[in-house]
Amino acid sequence: MSSWLGGLGSGLGQSLGQVGGSLASLTGQISNFTKDMLMEGTEDVPADLLNSGREDNEATHSVLRSENERLKKLYTDLEEKHEASELQIKQQSSSYRSQLQQKEEEINHLKARQIALQDELLRLQSTAQSVHPGSGRVPAATASPSLSYGISHHVSAFHEDDMDFGDVISSQQEINRLSNEVSRLKSELGHWRHIAEVQGTQSSDQTEICKLQNIIKELKQNRSQEIDDHQHEMSVLQNAHQQKLTEISRRHREELSDYEERIEELENLLQQGGSGVTVTDHSKMYDMQNTIQILQTEKVESTKKIEELEDKIKEIYKRLSSAEHEREVWKREQERLEVEKRQLTEQCERLKLECSTSQPLAWGQRDVVTEEERTLPQSSSAAEVLRLQQALTDAENEIMRLSSLNQDNSLAEDNQKLQMCVQILEKEKSLLSQEKEELQMSLSKLSNEYEVIKSTATRDIDLFSQVRDLKLNLEVKEQELNRSIHENEVLTAELEELDRQNQEATKHVILIKDQLSKQQSEGDSVIKKLKEDLDDGKQRIHQLEDDKMNIIKELDMQKEKLTHSERALSDLQLTKQKLEDKVEDLVDQLSKSEKNNFNIQKENCELREHIRQNEEELSTVRSELTQSQSQDSNSSLKDDFLKERETEVRTLKQNLSEVEQLNEHLKQVAFDLRTENEKLVVACEDVRNQLEESIAGNNQVSLERTAMLETLKCEKAQLETELCGAEKRLLEEAKKYKQTIEELSSARSLTTSALQLEHERLVQLSQEKDSEIAELKKSIEQMDTDHQQMKESLLSSLEEQKQLTQLISEKEICIVKLKEKSSELQGELDKCAQTLRKNETLRQTIEEKDRSLGAMKEENNHLQEELERIREQQSRAVPMPEPRALDSTTELESELSRLHIIKDHLEEEIKHHQKMIEDQNQNKLQLLQSLQEQKKEMDEFRYQHEQMNITHTQLFLEKDEEIKNLQKTIEQIKTQLHEERRDIPTENSDIFQETKVQSLTIENESEKHDLSKAETERLVKGIKERELEIKLLNEKNISLTKQIDQLSKDEVGKLTQIIQQKDLEIQALHARISSASCSQDVVYLQQQLHAYAMEREKVMVVLNEKTRENSQLKTEYHKMIDIISAKEAALIKLQDENKKMSTRFENSGQDMFKETIQNLSRIIREKDIEIDALSQKCQTLLTVLQTSGTGSEVGGVNSNQFEELLQERDKLKQQVKKMEEWKQQVMTTVQNMQHESAQLQEELQQLQAQVLVDSDNSSKLQVDYTGLIQSYERNETKLKNFGQELAQVQHSIGQLCNTKDLLLGKLDIMSPQLSPGSSLTAQSAEPLKAGRSAGSHETPQLLQQEVDDLRRSLQEKDATIRTLQENNHRLSESVAASSEVGRREHEQTDSEVKQLKEKQEVLQNLLKEKDLLIKAKSDQLRSSNENFTNKVNENELLRQAVTNLKERILILEMDISKLKGENEKIVETSRGKETEYQALQETNMKFSMMLREKEFECHSMREKALAFEQLLKEKEQGKAGELNQLLNAVKSMQEKTVTFQQERDQVMLALKQKQMENTTLQNEVQHLRDKESRLNQELQRLRDHLLESEDSHTREALAAEDREAKLRKKVTVLEEKLVSSSNAMENASHQASVQVESLQEQLNVISKQRDETALQLSVSQEQVKQYALSLANLQMVLEHFQQEEKAMYSAELEKQNQLLAEWKKKAETLEGKVLSLQERLDEANAALDSASRLTEQLDLKEEQIEELKKQNELHQEMLDDAQKKLMNLVSSTEGKVDKVLMRNLFIGHFHTPKNQRHEVLRLMGSILGVKREEMEQLFAEDQGGVTRWMSGWLGGGSKSVPSTPLRPSQQSVFNSSFSELFVKFLETESHPSVPPPKLSVHDLKPLDSPGRRKVDTSIPGSSKDVAEPRAGRRTDLSPFLAPRSAAVPLINPAGHGLGGPGHLLLRPVSDVLPTFTPLPVSSDNSAGVVLKDLLKQ
């Protein structure tokens, strides 16, 4: 199952990974698209590009939509598949479990049948052996142990006839184990039943949930389909509307072309006509022209109205698009609500499981959940529905206006369609509002029901928990009851078996005595052998223990060696890692240098390109200069521009030269680095070789270790085998003893039949043998007690041995576990090593950061140097460039601040890494400590193991003593048996003995059990203690692993937090950028265009100034960098010197302390030596005084004393020399200290001066920073001024446009006097101009402009058509009157018309040129607008930069507060150092006190020496001269020592003073370091600020340059265009004035020609009518044709769309199928794996079943053979007569007196089943005598034999003899009424079936049928047959249940075989008791 689920999970993971990949690709496409759009927004975009961009956007949008829908479908499919797979898994698992249970039950049934067959076999064999053919009585020799079934029936299966008590014990253990397994299986069955019930409820719930989910999915699909349909309808309507517009435009164009052709024809006709003119014609022409003008004005108004309507339609479309967008938003919200719905469904499922009682409530909850799922997404769309309603109302109003204004057919159709759409939308709106109200109602209901369900669920959960607890308690109680019942049944069965055994034992004790005497001698010899073996084993164990101790010592030695080798390895690894770090650093440096080279080369290329561009620009500027020499106003500006360009070129050349120098320098550095790298590679190879050697050595050591461990294991295995052998020998001997006892018991069981025969004799002899019975009772009781003691002692010894073996195995398991733990600890050590490696990598990063710090410091020095240079330049230069210097200083300040911040961050990181390293070191130490503790615990375990071995040896000794005691008891029993061999016990004595023996055995058993329990409790306690220790070790290991995990997790967590913070910052920046780019709507841009236009020119001026300032700042920046680098170098040197000084100072202080302590210790040693020397002196003087009594040897003694004194003087001189040398050393040290203090003071002064300089620098930088802020504010004010100037420029441009419009208006006024054609063209030009002027204000809406232009052209053409039609009508009226005059004037009008056409063309060309100019101006305006948007973005960026700086200032303040806290901590540490210093001073004082005490002792010793010398002087005055001299020398030496001591004290005082001075100097140095750190922080901050400001300046400058160039180009182009346009306008006005004069002259001529044209008009009217008819016909045909084409196209489009949709659906379904097939494949693979496992298990079970079946078949064959043998035996023994029965019947009848013979006969009749009435008849017919009675008794047939009917021969029974009648009786008894049953395996019951507990109710049919007649017959048998049936009971006794006797072989036959019921007499009763019962009846 686990593998199958794993496969399913992997499949799901793959599918989700694909989905995630597609989503990632989508997000990537979206990001790329946004980037491209932003990039396009910065450039000048023409209309075509915008159209293409919009189309691309729409295409990508459609693709994204389709992909989104596909992914949604995929997701739903995956969810459905997942649920289906879970259901399948549950069903399959339940089916497999049920199959497994069935197989296990079959195996159990087969095992039970096998055991039953074995029992039957054993019983049949015993019966076959007991019945011997050919003998009238069963012999004792051939009797098998069938009668002693309770003891030995199970052993024959294993050892044939060998009986063992050990086997009985093992069988009892097996019984206990099987009973435990049965109970366990029952508990498992209950558990699985409970699971099945729960799964049944769950499956029902799950099916309901699946149904609900399917309904929800169907509803969602329907909703999505409806939305798609609506969208499709909207798109179709839009397409239809666009198609109609295109058709109308096309028709209008065609009509225009037709009308133009007609006009041309009419003109031709007019030219052919005459030239008659009258005054009336003039007036008519004037009227016509007036009407034409009125119609044109009306046309213009109608076009305006149509435009307004079209604008409103566009707004409607916009609102519809916004509604679609809101619908998409609503879809997203719906998805979110679906997720919430899933969570609710999960909660519902939990509630269902817990609240099975409250099902109706759960049903209500499900309904409510489904309603909520429907309501939630729809309620979220309520606001959107309101918006749609508003949009629809607006659309309706506008459509009404359109319908009122437009009367064309096309517009009417559009309006109708729009009205239809509106009606559909209104219907949808009403439906949505109804659904909304319903959903609100359902929501309120749901909330109420949900609260109710929650309350009920909590109550139900509490009730469930209580019910579960009660159920669990009930189950526990029931289990305890079952156990108690089972134990009671077992106890009763055992008691009955013991009763039987005692009965049989008392009968046959006599036969055991001879066999015991023989076996005792054998036992003694065996015991001796065992003792010898035990002694040998003990010696071997001692030897092995010694060897073990030696091996352990060797192991410890090897461990120490290993630790040494590991340390060496670790050192080598550290060195290797250091070298690798160096190599990596060098490689990094090389890569950096190469990158720098590459970057420099790139910059060079870029600079060259830039130079080329500059040169090109210069050339263009020069050409422009040559062109614009006439324009004097612009010349000065261009000269300035050229000069600026030249200065820029010079600066760029300087930069190039500097870059080349840097290149060369970098190449040299790279070469040096390569050489160092090669050296390091060589070093690395050497280190690797050393490592390999060390690893080889370690491998050898580990191999030796493994060899030692293997030898130890082998020795251990040998010891264990020897122990096992000894135990086996003991068990075998115990088995032999038990076999002998069991043989005796079997022999005694055979004599029961003989005892039955002798029962009557014993009854007669009972009066004589009463005294003997009492003595025999006592002896038998003693024997029984001894026998049971033997049994129990053997059992206890066996149990103890087993417990010992179990303990040994448990100890071995513990040792294995400890080894595993040690391996785990080694793994943890490896993890620690990995963490150390990580720490080393962190150290490397820290070192790199230190290097970067050094580089930053160098840059700081360069900046300082540049600052100094700038100051010098400021002092020299004119006061003009001061603000620039201020700017540079502010930039430097910002750089310094940035550098300070970086330094602070780096220091914090270094501290953090140091803390991490310290924590890891501590963890390492803790791990080492834990390892040591575990080693100690291992040693303790070994010690305990040795103690356990010792206790085992003691237990063996105790067992030996017990065996000896048992031998003694056996000898006693033998002696008693020899004495009592001839005595025979009676039956009554047996009964009395049984009770006493039982009581004694119970007492002995209780005592033995108490002993064994005490021993087992001790062992259990020891095991528990061991387990507790193991648990503690496990807990320690777990805590260590947790600590290690926490360390790694803390590090990882910190890093992840940092990364998350960075990601959040990046996301925030992206959001700002996207919001800034996306939020600029078109309307907002239109509002702000004017404001930005005002700022443009100001920005131009500012950009010029900025470029100049930028070039100057660049030069100043390079100078500053040099200055700061120099300053940084100086700072680094100072810091290094400070560090060196501090280290020297500390080292010198420590050395001084060490030297003082060493000197003090030396002085103390020397003083001790002096004291020893003086004590020796005193002793010698004492000896001299003592020996002075002997005067004979005075001379020799004095000479010796002189020699000793001389030696002492030499010693004292040497000591004085040493003291002088020490004094000189102290003086030199003091002088050195003075020199060092002077140097330190000088360094302190220097540092103070540097601190002052740095503080001055920081203050200056702050001032510069404030200046920069002020300059920034000025720049902002300048920008505002520029905006105002831009507004003025735009105003001037607007004025120019107005003048242009006025000129165009004048031209238009001139044009109406021309022909209708010219007026048409002029009128068509006006709306175009108006549209273009409007287009200039609506630059972003290019697409809408195109649509507007098309509509305007349509409207213009409609108006021209109308005017032409009216003109035609008027002309047709006038032509009828003036046709004759027209003919004459036709020729003149043709020429004039041609001239007018030519003039019209000229005017049209002029208009086209003006339009081009207007377009160019509009493009320029667009570009300027874009530039201003860029400026706005840049201003926003600057504002953001200001806010960032403010945030950084706050962060710096926080850092300052942190630094203050750290300073306080440092002050506390300094106080701690001072306390340590005070402690050292106190130790020095103690040493000085010790010195003074020693000096006092010296003085005392000297005084003693003086006293002794005075004594010597008094005794030896003769030779006192020399002694006096010596004493004087000694005194002088003492005086010198005193002076030396005084000098030493002075030196000590001077040392203390120097130490105090050193402490003060250290404090000052610390203060200076703190100041240095602060100044460095400020430097970093200023540097950061400088870098940021510089970057911003450079960016602004570059952008400004680009914009300046673009704007200049545009300005020049505009100026040129303005000049050309002004010239063209002047020429046009001149031409127009000339044309007006010529036109006035021509009008007179045209009036003459009008009469001629009238005649021509009459002709042309008729032609026009014809043409109109033909045109109408053609238009009808065209319309039909177009409609058909439309229908065709629409049909084809729909077909293609349907095909596409079908293909898409097919593709999606195929994809879904592929995914589902893949998932099914994975599931099938997993299911196959699980099925293969289950099939393997099933195969194993089936193999077991087949084996058991084979065994059953074998047992059945054996049974058949045994039944055949039984049948043969029965047939052979049918005709034999039992003499004992004959004798008993006969004697019993005749012994009774005659008066009581009737009672005896009644008894016999009641036994034989004769009724009372028949008996009374027989007594009444007493004349017949004995023969009649005997015939009636013997031949009458018992009622227990229904199968033998009365024969006719039985009627003549009076004549037959008694013997014949008895023989017939026996024959009828011996014949079986029913044939013997053939037993089948299926009829037998398993052992564990519940029916076994019932005696007769559950017996199968075959056995029950047999049992009933047999029972009926056996109840009527005689009482003399009772003893045989009592020996072997074939029915379950009354007290037995299922588990009566524990073992199968001890169970009665009726449970396994069909019951052949014996007498209903209990086994305890004898024949006398039976007779008494019968008499009572």
# chains A, B, ... in the order shown; residues from 1 in each chain; ligands from 1
>>> residues_around(residues="region 1093-1102 of chain A", least_positions_apart="2", cutoff="8 Å", atoms="only C-alpha atoms", output="CSV table (one decimal) with N, CA, C and O atoms, in the first residue's frame")
chain,number,residue,atom,x,y,z
A,1089,LEU,N,-0.9,67.4,-19.6
A,1089,LEU,CA,0.0,67.7,-20.7
A,1089,LEU,C,0.4,69.2,-20.7
A,1089,LEU,O,1.6,69.5,-21.0
A,1090,HIS,N,-0.5,70.1,-20.4
A,1090,HIS,CA,-0.2,71.5,-20.4
A,1090,HIS,C,0.8,71.9,-19.4
A,1090,HIS,O,1.8,72.6,-19.7
A,1091,ALA,N,0.7,71.3,-18.1
A,1091,ALA,CA,1.6,71.6,-17.1
A,1091,ALA,C,3.0,71.2,-17.5
A,1091,ALA,O,4.0,71.9,-17.2
A,1104,ASN,N,21.4,71.8,-19.8
A,1104,ASN,CA,22.6,72.4,-20.3
A,1104,ASN,C,23.6,72.6,-19.1
A,1104,ASN,O,24.8,72.3,-19.1
A,1105,GLU,N,23.0,73.3,-18.1
A,1105,GLU,CA,23.9,73.6,-16.9
A,1105,GLU,C,24.4,72.3,-16.3
A,1105,GLU,O,25.5,72.3,-15.8
A,1106,LYS,N,23.5,71.3,-16.2
A,1106,LYS,CA,23.9,70.1,-15.5
A,1106,LYS,C,25.0,69.4,-16.3
A,1106,LYS,O,25.9,68.8,-15.7
A,1275,ASN,N,17.2,73.4,-7.6
A,1275,ASN,CA,16.9,72.7,-8.9
A,1275,ASN,C,15.4,72.4,-9.1
A,1275,ASN,O,14.9,72.6,-10.2
A,1278,LYS,N,13.8,75.6,-10.1
A,1278,LYS,CA,14.2,75.9,-11.5
A,1278,LYS,C,13.3,75.0,-12.5
A,1278,LYS,O,12.8,75.5,-13.5
A,1279,LEU,N,13.1,73.7,-12.1
A,1279,LEU,CA,12.2,72.9,-12.9
A,1279,LEU,C,10.8,73.4,-13.0
A,1279,LEU,O,10.2,73.4,-14.1
A,1280,LYS,N,10.3,74.0,-11.9
A,1280,LYS,CA,8.9,74.6,-12.0
A,1280,LYS,C,8.9,75.8,-12.9
A,1280,LYS,O,8.0,75.9,-13.7
A,1281,ASN,N,10.0,76.6,-12.9
A,1281,ASN,CA,10.0,77.7,-13.8
A,1281,ASN,C,10.0,77.3,-15.3
A,1281,ASN,O,9.4,77.9,-16.1
A,1282,PHE,N,10.8,76.2,-15.5
A,1282,PHE,CA,10.9,75.6,-16.9
A,1282,PHE,C,9.5,75.2,-17.3
A,1282,PHE,O,9.1,75.3,-18.5
A,1283,GLY,N,8.8,74.6,-16.4
A,1283,GLY,CA,7.4,74.1,-16.7
A,1283,GLY,C,6.5,75.3,-17.2
A,1283,GLY,O,5.8,75.2,-18.2
A,1284,GLN,N,6.7,76.4,-16.5
A,1284,GLN,CA,5.9,77.6,-16.9
A,1284,GLN,C,6.3,78.1,-18.3
A,1284,GLN,O,5.5,78.5,-19.1
A,1285,GLU,N,7.6,78.1,-18.5
A,1285,GLU,CA,8.1,78.6,-19.8
A,1285,GLU,C,7.6,77.7,-20.9
A,1285,GLU,O,7.2,78.1,-22.0
A,1286,LEU,N,7.5,76.4,-20.6
A,1286,LEU,CA,7.0,75.4,-21.6
A,1286,LEU,C,5.5,75.7,-21.9
A,1286,LEU,O,5.1,75.6,-23.1
A,1287,ALA,N,4.8,76.0,-20.9
A,1287,ALA,CA,3.4,76.4,-21.1
A,1287,ALA,C,3.2,77.6,-22.1
A,1287,ALA,O,2.4,77.6,-22.9
A,1288,GLN,N,4.2,78.6,-21.8
A,1288,GLN,CA,4.1,79.7,-22.7
A,1288,GLN,C,4.4,79.3,-24.2
A,1288,GLN,O,3.8,79.8,-25.1
A,1289,VAL,N,5.4,78.4,-24.4
A,1289,VAL,CA,5.7,78.0,-25.7
A,1289,VAL,C,4.5,77.3,-26.3
A,1289,VAL,O,4.2,77.5,-27.5
A,1290,GLN,N,3.9,76.4,-25.6
A,1290,GLN,CA,2.7,75.8,-26.1
A,1290,GLN,C,1.6,76.8,-26.5
A,1290,GLN,O,0.9,76.6,-27.5
A,1424,SER,N,7.3,65.3,-27.2
A,1424,SER,CA,7.6,66.2,-26.0
A,1424,SER,C,6.8,65.7,-24.8
A,1424,SER,O,7.2,65.7,-23.6
A,1425,ASN,N,5.5,65.2,-25.1
A,1425,ASN,CA,4.7,64.7,-24.0
A,1425,ASN,C,5.4,63.5,-23.3
A,1425,ASN,O,5.4,63.3,-22.1
A,1428,PHE,N,8.2,64.5,-21.2
A,1428,PHE,CA,7.7,65.1,-19.9
A,1428,PHE,C,7.2,64.0,-19.0
A,1428,PHE,O,7.4,64.1,-17.8
A,1600,ALA,N,19.8,63.8,-19.8
A,1600,ALA,CA,19.6,65.2,-20.2
A,1600,ALA,C,20.3,65.4,-21.5
A,1600,ALA,O,19.8,66.1,-22.4
A,1604,GLU,N,18.5,66.6,-24.8
A,1604,GLU,CA,18.9,67.9,-25.4
A,1604,GLU,C,19.1,67.7,-26.9
A,1604,GLU,O,18.7,68.5,-27.7
>>> residues_around(residues="region 800-810 of chain A", least_positions_apart="5", cutoff="8 Å", atoms="only C-alpha atoms", output="PyMOL selection string")
chain A and resi 727+952+1012+1016+1023
>>> closest_atom_pairs(of="region 411-522 of chain A", to="region 228-237 of chain A", cutoff="9 Å", atoms="only C-alpha atoms", output="CSV")
residue,atom,partner,partner_atom,distance
A:Lys417,CA,A:Leu237,CA,7.6
A:Leu418,CA,A:Leu237,CA,8.2
A:Cys421,CA,A:Met234,CA,8.0
>>> write_last_selection(atoms="C-alpha atoms", output="short mmCIF file (atom, residue, chain, number, x, y, z; two decimals), in the first residue's frame")
data_model
loop_
_atom_site.label_atom_id
_atom_site.label_comp_id
_atom_site.auth_asym_id
_atom_site.auth_seq_id
_atom_site.Cartn_x
_atom_site.Cartn_y
_atom_site.Cartn_z
CA LYS A 417 -29.51 44.83 -32.62
CA LEU A 418 -28.24 46.97 -29.77
CA CYS A 421 -28.51 43.08 -26.69
#
>>> residues_around(residues="region 862-876 of chain A", least_positions_apart="5", cutoff="7 Å", atoms="only C-alpha atoms", output="short mmCIF file (atom, residue, chain, number, x, y, z; two decimals) with N, CA, C and O atoms, in the first residue's frame")
data_model
loop_
_atom_site.label_atom_id
_atom_site.label_comp_id
_atom_site.auth_asym_id
_atom_site.auth_seq_id
_atom_site.Cartn_x
_atom_site.Cartn_y
_atom_site.Cartn_z
N LYS A 1119 39.89 63.59 -8.92
CA LYS A 1119 40.87 64.15 -7.97
C LYS A 1119 40.55 63.72 -6.54
O LYS A 1119 41.44 63.33 -5.78
N MET A 1120 39.27 63.80 -6.19
CA MET A 1120 38.85 63.42 -4.83
C MET A 1120 39.15 61.96 -4.54
O MET A 1120 39.54 61.60 -3.43
N ILE A 1121 38.93 61.12 -5.57
CA ILE A 1121 39.21 59.67 -5.38
C ILE A 1121 40.67 59.45 -5.04
O ILE A 1121 41.03 58.67 -4.14
N ASP A 1122 41.56 60.16 -5.75
CA ASP A 1122 43.00 60.03 -5.46
C ASP A 1122 43.29 60.46 -4.03
O ASP A 1122 44.03 59.79 -3.29
N ILE A 1123 42.71 61.61 -3.63
CA ILE A 1123 42.97 62.11 -2.26
C ILE A 1123 42.47 61.11 -1.24
O ILE A 1123 43.18 60.80 -0.26
N ILE A 1124 41.26 60.58 -1.47
CA ILE A 1124 40.67 59.65 -0.49
C ILE A 1124 41.46 58.36 -0.42
O ILE A 1124 41.64 57.79 0.66
N SER A 1125 41.96 57.88 -1.58
CA SER A 1125 42.77 56.65 -1.56
C SER A 1125 44.02 56.86 -0.73
O SER A 1125 44.41 55.99 0.07
N ALA A 1126 44.66 58.02 -0.90
CA ALA A 1126 45.86 58.32 -0.10
C ALA A 1126 45.52 58.36 1.38
O ALA A 1126 46.25 57.81 2.23
N LYS A 1127 44.39 59.04 1.71
CA LYS A 1127 43.96 59.11 3.11
C LYS A 1127 43.69 57.72 3.67
O LYS A 1127 44.01 57.42 4.82
N GLU A 1128 43.04 56.88 2.85
CA GLU A 1128 42.73 55.52 3.32
C GLU A 1128 44.00 54.72 3.59
O GLU A 1128 44.08 53.99 4.57
#
>>> residues_around(residues="Arg674 (chain A)", least_positions_apart="4", cutoff="9 Å", atoms="only C-alpha atoms", output="PyMOL selection string")
chain A and resi 586-587+590+669-670+678-679
>>> closest_residue(among="A:Asn473, A:Ser1175, A:Ser1621, A:Gln466", to="Leu1303 (chain A)", atoms="only C-alpha atoms")
A:Ser1621
>>> residues_around(residues="region 1745-1762 of chain A", least_positions_apart="5", cutoff="10 Å", atoms="only C-alpha atoms", output="VMD selection string")
chain A and resid 103 to 104 106 to 125 127 to 128 1739 to 1740 1767 to 1768 1878 to 1881
>>> atom_distance(atom1="CA of Glu504 (chain A)", atom2="CA of Ser746 (chain A)")
8.9 Å
